[in-house]
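Notes follow once the structure below has been shown.
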Amino acid sequence: MTKTNFWEEQLEHIRYSLKNESIETYREWGPVSGIPLYEFWHWVGYLQGVEDTYYRIKDDESKFLKWKNSMSPRTWGFSQRLYNKTLTTVALPGAGELETTTYNSRSNHHLETYRKLTSKDVLDYDRIVEFGGGVGDLSRFIFDLGYEGEYVIYDFPEILEIQKLNFISSRKKPIFTSDIPSHSNKSTLFISTWGFSESPLELRDKFMNTLSPDNWLIITQRNIFDIDNDLYFGSWQGERQEIPWVYWDGGSYYLVK
(Lines give C-alpha, C1' and ligand atoms only; values in the text may rest on other atoms or scores of the structure.)
Protein backbone atom coordinates (compact mmCIF):
# COMPACT_ATOMS: atom_id res chain seq x y z
CA MET A 1 0.00 0.00 0.00
CA THR A 2 1.30 3.45 -0.87
CA LYS A 3 1.39 6.28 1.65
CA THR A 4 -1.36 8.14 -0.22
CA ASN A 5 -3.72 5.15 -0.20
CA PHE A 6 -2.93 4.37 3.44
CA TRP A 7 -3.78 7.85 4.71
CA GLU A 8 -6.82 8.28 2.47
CA GLU A 9 -8.25 5.10 3.95
CA GLN A 10 -7.39 6.03 7.55
CA LEU A 11 -8.76 9.57 7.25
CA GLU A 12 -12.02 8.22 5.85
CA HIS A 13 -12.33 5.97 8.91
CA ILE A 14 -11.55 8.89 11.22
CA ARG A 15 -14.22 11.08 9.61
CA TYR A 16 -16.74 8.29 10.15
CA SER A 17 -15.71 7.87 13.80
CA LEU A 18 -15.91 11.60 14.50
CA LYS A 19 -19.51 11.64 13.27
CA ASN A 20 -20.78 8.33 14.58
CA GLU A 21 -18.81 7.08 17.58
CA SER A 22 -18.71 8.15 21.22
CA ILE A 23 -15.94 10.58 22.13
CA GLU A 24 -15.97 9.05 25.61
CA THR A 25 -13.89 6.17 24.23
CA TYR A 26 -12.20 7.88 21.27
CA ARG A 27 -8.92 6.09 21.95
CA GLU A 28 -10.62 2.81 21.07
CA TRP A 29 -11.82 3.96 17.65
CA GLY A 30 -10.52 1.67 14.92
CA PRO A 31 -8.17 4.13 13.18
CA VAL A 32 -6.89 5.64 16.46
CA SER A 33 -5.85 2.27 17.84
CA GLY A 34 -5.02 0.79 14.44
CA ILE A 35 -2.58 3.34 13.00
CA PRO A 36 -1.81 3.59 16.03
CA LEU A 37 -1.88 7.20 17.19
CA TYR A 38 -0.46 6.44 20.64
CA GLU A 39 1.69 3.87 22.42
CA PHE A 40 0.19 0.56 23.56
CA TRP A 41 3.23 -1.60 24.16
CA HIS A 42 5.14 -1.88 27.42
CA TRP A 43 8.68 -1.55 26.08
CA VAL A 44 11.38 -2.01 28.74
CA GLY A 45 13.49 0.65 27.03
CA TYR A 46 10.90 3.34 27.62
CA LEU A 47 10.52 2.24 31.24
CA GLN A 48 14.29 2.62 31.70
CA GLY A 49 13.83 6.24 30.72
CA VAL A 50 11.38 6.65 33.61
CA GLU A 51 14.05 5.46 36.05
CA ASP A 52 16.65 7.75 34.47
CA THR A 53 14.40 10.78 34.94
CA TYR A 54 13.67 9.82 38.52
CA TYR A 55 17.34 9.57 39.47
CA ARG A 56 18.03 12.93 37.81
CA ILE A 57 15.30 14.88 39.63
CA LYS A 58 14.56 12.93 42.82
CA ASP A 59 16.35 15.41 45.10
CA ASP A 60 14.32 18.35 43.77
CA GLU A 61 10.99 17.84 45.51
CA SER A 62 9.04 20.40 43.48
CA LYS A 63 10.29 19.06 40.15
CA PHE A 64 9.75 15.46 41.25
CA LEU A 65 6.14 16.06 42.30
CA LYS A 66 5.37 17.90 39.04
CA TRP A 67 6.87 15.04 37.02
CA LYS A 68 5.09 12.37 39.08
CA ASN A 69 1.76 14.07 38.49
CA SER A 70 2.49 14.39 34.77
CA MET A 71 3.23 10.66 34.58
CA SER A 72 -0.09 9.74 36.20
CA PRO A 73 -2.69 7.81 34.15
CA ARG A 74 -5.72 9.58 32.70
CA THR A 75 -9.03 7.83 32.12
CA TRP A 76 -10.54 10.20 29.56
CA GLY A 77 -11.06 8.56 26.17
CA PHE A 78 -10.52 5.00 27.34
CA SER A 79 -12.75 2.03 27.82
CA GLN A 80 -11.90 0.18 31.04
CA ARG A 81 -10.32 -2.64 29.03
CA LEU A 82 -8.05 -0.30 27.11
CA TYR A 83 -7.20 1.72 30.20
CA ASN A 84 -6.05 -1.43 31.97
CA LYS A 85 -3.98 -2.41 28.93
CA THR A 86 -1.91 0.78 29.04
CA LEU A 87 -1.27 0.81 32.81
CA THR A 88 2.14 -0.07 34.17
CA THR A 89 4.16 0.47 37.35
CA VAL A 90 7.81 1.35 37.80
CA ALA A 91 9.67 0.81 41.08
CA LEU A 92 11.40 4.00 42.22
CA PRO A 93 13.93 3.23 44.97
CA GLY A 94 13.10 5.34 47.99
CA ALA A 95 9.80 6.56 46.51
CA GLY A 96 7.72 3.40 46.15
CA GLU A 97 6.01 2.51 42.89
CA LEU A 98 5.03 4.97 40.19
CA GLU A 99 1.80 4.12 38.38
CA THR A 100 1.99 5.35 34.81
CA THR A 101 1.07 4.41 31.26
CA THR A 102 2.66 3.18 28.07
CA TYR A 103 2.17 6.50 26.29
CA ASN A 104 3.50 8.65 29.14
CA SER A 105 6.59 6.48 29.52
CA ARG A 106 7.28 6.89 25.79
CA SER A 107 6.81 10.65 25.93
CA ASN A 108 9.09 10.84 28.94
CA HIS A 109 11.74 8.79 27.15
CA HIS A 110 11.73 11.22 24.22
CA LEU A 111 12.36 14.21 26.48
CA GLU A 112 14.92 12.43 28.64
CA THR A 113 16.83 11.26 25.56
CA TYR A 114 16.81 14.79 24.15
CA ARG A 115 18.25 16.13 27.40
CA LYS A 116 20.87 13.39 27.59
CA LEU A 117 22.11 13.89 24.01
CA THR A 118 21.93 17.69 23.86
CA SER A 119 22.08 18.87 27.50
CA LYS A 120 18.98 20.96 26.68
CA ASP A 121 15.55 20.99 28.29
CA VAL A 122 12.55 20.98 25.97
CA LEU A 123 10.73 23.28 28.42
CA ASP A 124 13.27 26.07 27.85
CA TYR A 125 12.20 26.75 24.26
CA ASP A 126 9.90 29.67 23.50
CA ARG A 127 8.16 27.73 20.74
CA ILE A 128 7.65 24.05 19.93
CA VAL A 129 6.32 22.89 16.58
CA GLU A 130 5.29 19.25 16.32
CA PHE A 131 4.77 17.62 12.93
CA GLY A 132 2.16 14.86 13.26
CA GLY A 133 0.95 14.92 16.86
CA GLY A 134 -0.59 11.46 17.13
CA VAL A 135 -3.42 11.69 19.62
CA GLY A 136 -1.71 14.62 21.35
CA ASP A 137 -0.04 12.74 24.20
CA LEU A 138 3.45 14.20 23.83
CA SER A 139 2.17 17.77 23.74
CA ARG A 140 -0.13 17.07 26.69
CA PHE A 141 2.80 15.63 28.66
CA ILE A 142 4.98 18.66 27.91
CA PHE A 143 2.24 21.03 29.06
CA ASP A 144 1.69 18.96 32.21
CA LEU A 145 5.39 19.35 33.03
CA GLY A 146 4.85 23.10 33.09
CA TYR A 147 5.61 24.31 29.58
CA GLU A 148 4.49 27.94 29.18
CA GLY A 149 5.59 28.68 25.62
CA GLU A 150 3.81 28.44 22.28
CA TYR A 151 3.08 24.89 21.10
CA VAL A 152 1.95 24.25 17.53
CA ILE A 153 0.77 20.89 16.15
CA TYR A 154 0.71 20.46 12.38
CA ASP A 155 -1.40 17.55 11.17
CA PHE A 156 -4.27 16.40 8.99
CA PRO A 157 -7.49 18.28 9.89
CA GLU A 158 -9.20 15.02 10.89
CA ILE A 159 -6.41 14.03 13.28
CA LEU A 160 -6.34 17.52 14.76
CA GLU A 161 -9.97 16.93 15.79
CA ILE A 162 -8.86 13.86 17.75
CA GLN A 163 -6.05 15.80 19.42
CA LYS A 164 -8.57 18.45 20.46
CA LEU A 165 -10.47 15.73 22.33
CA ASN A 166 -7.35 15.02 24.38
CA PHE A 167 -7.26 18.69 25.43
CA ILE A 168 -11.01 19.13 25.87
CA SER A 169 -10.72 19.99 29.59
CA SER A 170 -7.23 21.55 29.56
CA ARG A 171 -6.46 25.14 30.45
CA LYS A 172 -3.48 25.36 28.09
CA LYS A 173 -3.81 23.94 24.59
CA PRO A 174 -1.64 23.76 21.50
CA ILE A 175 -2.33 25.73 18.36
CA PHE A 176 -3.82 23.17 15.96
CA THR A 177 -3.14 23.79 12.29
CA SER A 178 -2.92 22.20 8.85
CA ASP A 179 -0.97 25.18 7.50
CA ILE A 180 2.81 25.07 7.61
CA PRO A 181 3.93 27.29 10.51
CA SER A 182 6.11 30.22 9.53
CA HIS A 183 9.56 31.04 10.83
CA SER A 184 9.68 32.91 14.12
CA ASN A 185 12.36 34.81 15.99
CA LYS A 186 11.40 32.78 19.05
CA SER A 187 13.77 29.95 19.95
CA THR A 188 12.08 27.01 18.24
CA LEU A 189 12.27 23.27 18.74
CA PHE A 190 10.91 21.12 15.93
CA ILE A 191 9.53 17.76 17.11
CA SER A 192 8.37 14.82 15.08
CA THR A 193 8.13 11.25 16.30
CA TRP A 194 7.92 9.24 13.06
CA GLY A 195 5.41 11.57 11.33
CA PHE A 196 7.92 13.72 9.43
CA SER A 197 9.85 10.67 8.25
CA GLU A 198 6.64 9.21 6.76
CA SER A 199 5.76 12.33 4.78
CA PRO A 200 6.58 13.05 1.10
CA LEU A 201 10.02 14.53 0.49
CA GLU A 202 8.60 17.64 -1.17
CA LEU A 203 6.49 18.41 1.90
CA ARG A 204 9.45 17.87 4.21
CA ASP A 205 11.61 20.31 2.30
CA LYS A 206 8.86 22.91 2.07
CA PHE A 207 8.09 22.56 5.77
CA MET A 208 11.69 22.94 6.92
CA ASN A 209 12.43 25.79 4.54
CA THR A 210 9.37 27.65 5.85
CA LEU A 211 9.80 26.90 9.56
CA SER A 212 13.61 27.07 9.64
CA PRO A 213 13.87 25.76 13.24
CA ASP A 214 16.87 26.19 15.50
CA ASN A 215 16.81 22.66 16.88
CA TRP A 216 14.99 19.37 16.47
CA LEU A 217 13.90 16.19 18.18
CA ILE A 218 13.17 13.72 15.40
CA ILE A 219 12.53 10.00 15.43
CA THR A 220 12.79 8.30 12.08
CA GLN A 221 12.44 4.80 10.77
CA ARG A 222 14.99 3.81 8.14
CA ASN A 223 12.61 2.80 5.37
CA ILE A 224 8.91 3.38 4.83
CA PHE A 225 6.73 3.84 1.75
CA ASP A 226 9.87 3.14 -0.35
CA ILE A 227 11.66 6.17 1.16
CA ASP A 228 15.26 5.76 2.31
CA ASN A 229 15.38 7.91 5.44
CA ASP A 230 19.04 7.15 6.12
CA LEU A 231 19.78 8.84 2.81
CA TYR A 232 17.43 11.76 3.49
CA PHE A 233 18.72 12.52 7.00
CA GLY A 234 22.34 11.60 6.26
CA SER A 235 23.54 15.21 6.07
CA TRP A 236 21.47 16.54 8.98
CA GLN A 237 23.37 17.83 11.99
CA GLY A 238 22.81 16.33 15.42
CA GLU A 239 23.31 13.36 17.66
CA ARG A 240 21.84 9.96 16.82
CA GLN A 241 20.73 7.13 19.10
CA GLU A 242 19.17 3.83 18.14
CA ILE A 243 15.83 2.62 19.55
CA PRO A 244 16.63 -1.12 19.43
CA TRP A 245 13.20 -2.34 20.53
CA VAL A 246 11.56 -0.63 17.52
CA TYR A 247 12.87 -2.98 14.86
CA TRP A 248 10.31 -2.79 12.02
CA ASP A 249 10.79 -0.58 8.93
CA GLY A 250 14.54 -1.15 9.17
CA GLY A 251 14.73 0.07 12.75
CA SER A 252 14.34 3.54 14.23
CA TYR A 253 16.60 6.12 15.86
CA TYR A 254 16.61 9.56 17.44
CA LEU A 255 18.11 12.49 15.55
CA VAL A 256 18.44 15.47 17.89
CA LYS A 257 20.05 18.88 17.83
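Here, A, B, ... name the chains of the C-alpha coordinates in the order displayed, residue numbers run from 1 inside each chain, and ligands are numbered from 1 in the same displayed order.
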Selection near Arg106 of chain A, 7 Å with only C-alpha atoms, sequence-local residues under 4 positions removed, as a PyMOL selection string: chain A and resi 46+102+110
Quick one: residues within 9 Å of segment 55-65 of chain A, only C-alpha atoms counted, chain neighbours fewer than 5 positions away excluded, as number ranges by chain? A: 50, 70, 92, 95, 145
Just to be explicit: take each residue in the selection above, keep N, CA and C atoms, and write the result as a CSV table (one decimal), in the first residue's frame.
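File produced: part.csv:
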chain,number,residue,atom,x,y,z
A,50,VAL,N,12.1,6.2,32.4
A,50,VAL,CA,11.4,6.6,33.6
A,50,VAL,C,12.3,6.6,34.8
A,70,SER,N,2.6,14.4,36.2
A,70,SER,CA,2.5,14.4,34.8
A,70,SER,C,2.5,13.0,34.3
A,92,LEU,N,10.5,2.9,42.0
A,92,LEU,CA,11.4,4.0,42.2
A,92,LEU,C,12.0,3.9,43.6
A,95,ALA,N,11.0,5.8,46.8
A,95,ALA,CA,9.8,6.6,46.5
A,95,ALA,C,8.6,5.6,46.2
A,145,LEU,N,4.1,19.1,32.4
A,145,LEU,CA,5.4,19.4,33.0
A,145,LEU,C,5.6,20.8,33.3
According to DSSP computed on the backbone, where in segment 88-241 of chain A is there helix (DSSP H, G or I)? Give the residues as a PyMOL selection string. chain A and resi 102-118+122-124+137-144+157-166+196-198+201-211+229-233
Residues within 12 Å of Glu161 of chain A, only C-alpha atoms, excluding chain neighbours under 6 positions, as a ChimeraX atom specification: /A:11,14-15,17-19,23,26,32,133-136,153-155,167-168,175-178
For segment 75-82 of chain A: contacts at 6 Å, only C-alpha atoms, fewer than 2 positions along chain excluded, given as a JSON list (two decimals) with N, CA and C atoms, in the first residue's frame:
[["chain", "number", "residue", "atom", "x", "y", "z"],
["A", 24, "GLU", "N", -16.35, 9.53, 24.28],
["A", 24, "GLU", "CA", -15.97, 9.05, 25.61],
["A", 24, "GLU", "C", -14.90, 7.97, 25.53],
["A", 25, "THR", "N", -14.88, 7.23, 24.42],
["A", 25, "THR", "CA", -13.89, 6.17, 24.23],
["A", 25, "THR", "C", -13.17, 6.35, 22.89],
["A", 26, "TYR", "N", -12.80, 7.60, 22.59],
["A", 26, "TYR", "CA", -12.20, 7.88, 21.27],
["A", 26, "TYR", "C", -10.89, 7.14, 21.05],
["A", 27, "ARG", "N", -10.19, 6.79, 22.12],
["A", 27, "ARG", "CA", -8.92, 6.09, 21.95],
["A", 27, "ARG", "C", -9.12, 4.65, 21.44],
["A", 84, "ASN", "N", -6.84, -0.42, 31.26],
["A", 84, "ASN", "CA", -6.05, -1.43, 31.97],
["A", 84, "ASN", "C", -4.86, -1.90, 31.13],
["A", 85, "LYS", "N", -5.04, -1.94, 29.83],
["A", 85, "LYS", "CA", -3.98, -2.41, 28.93],
["A", 85, "LYS", "C", -2.79, -1.47, 28.93]]
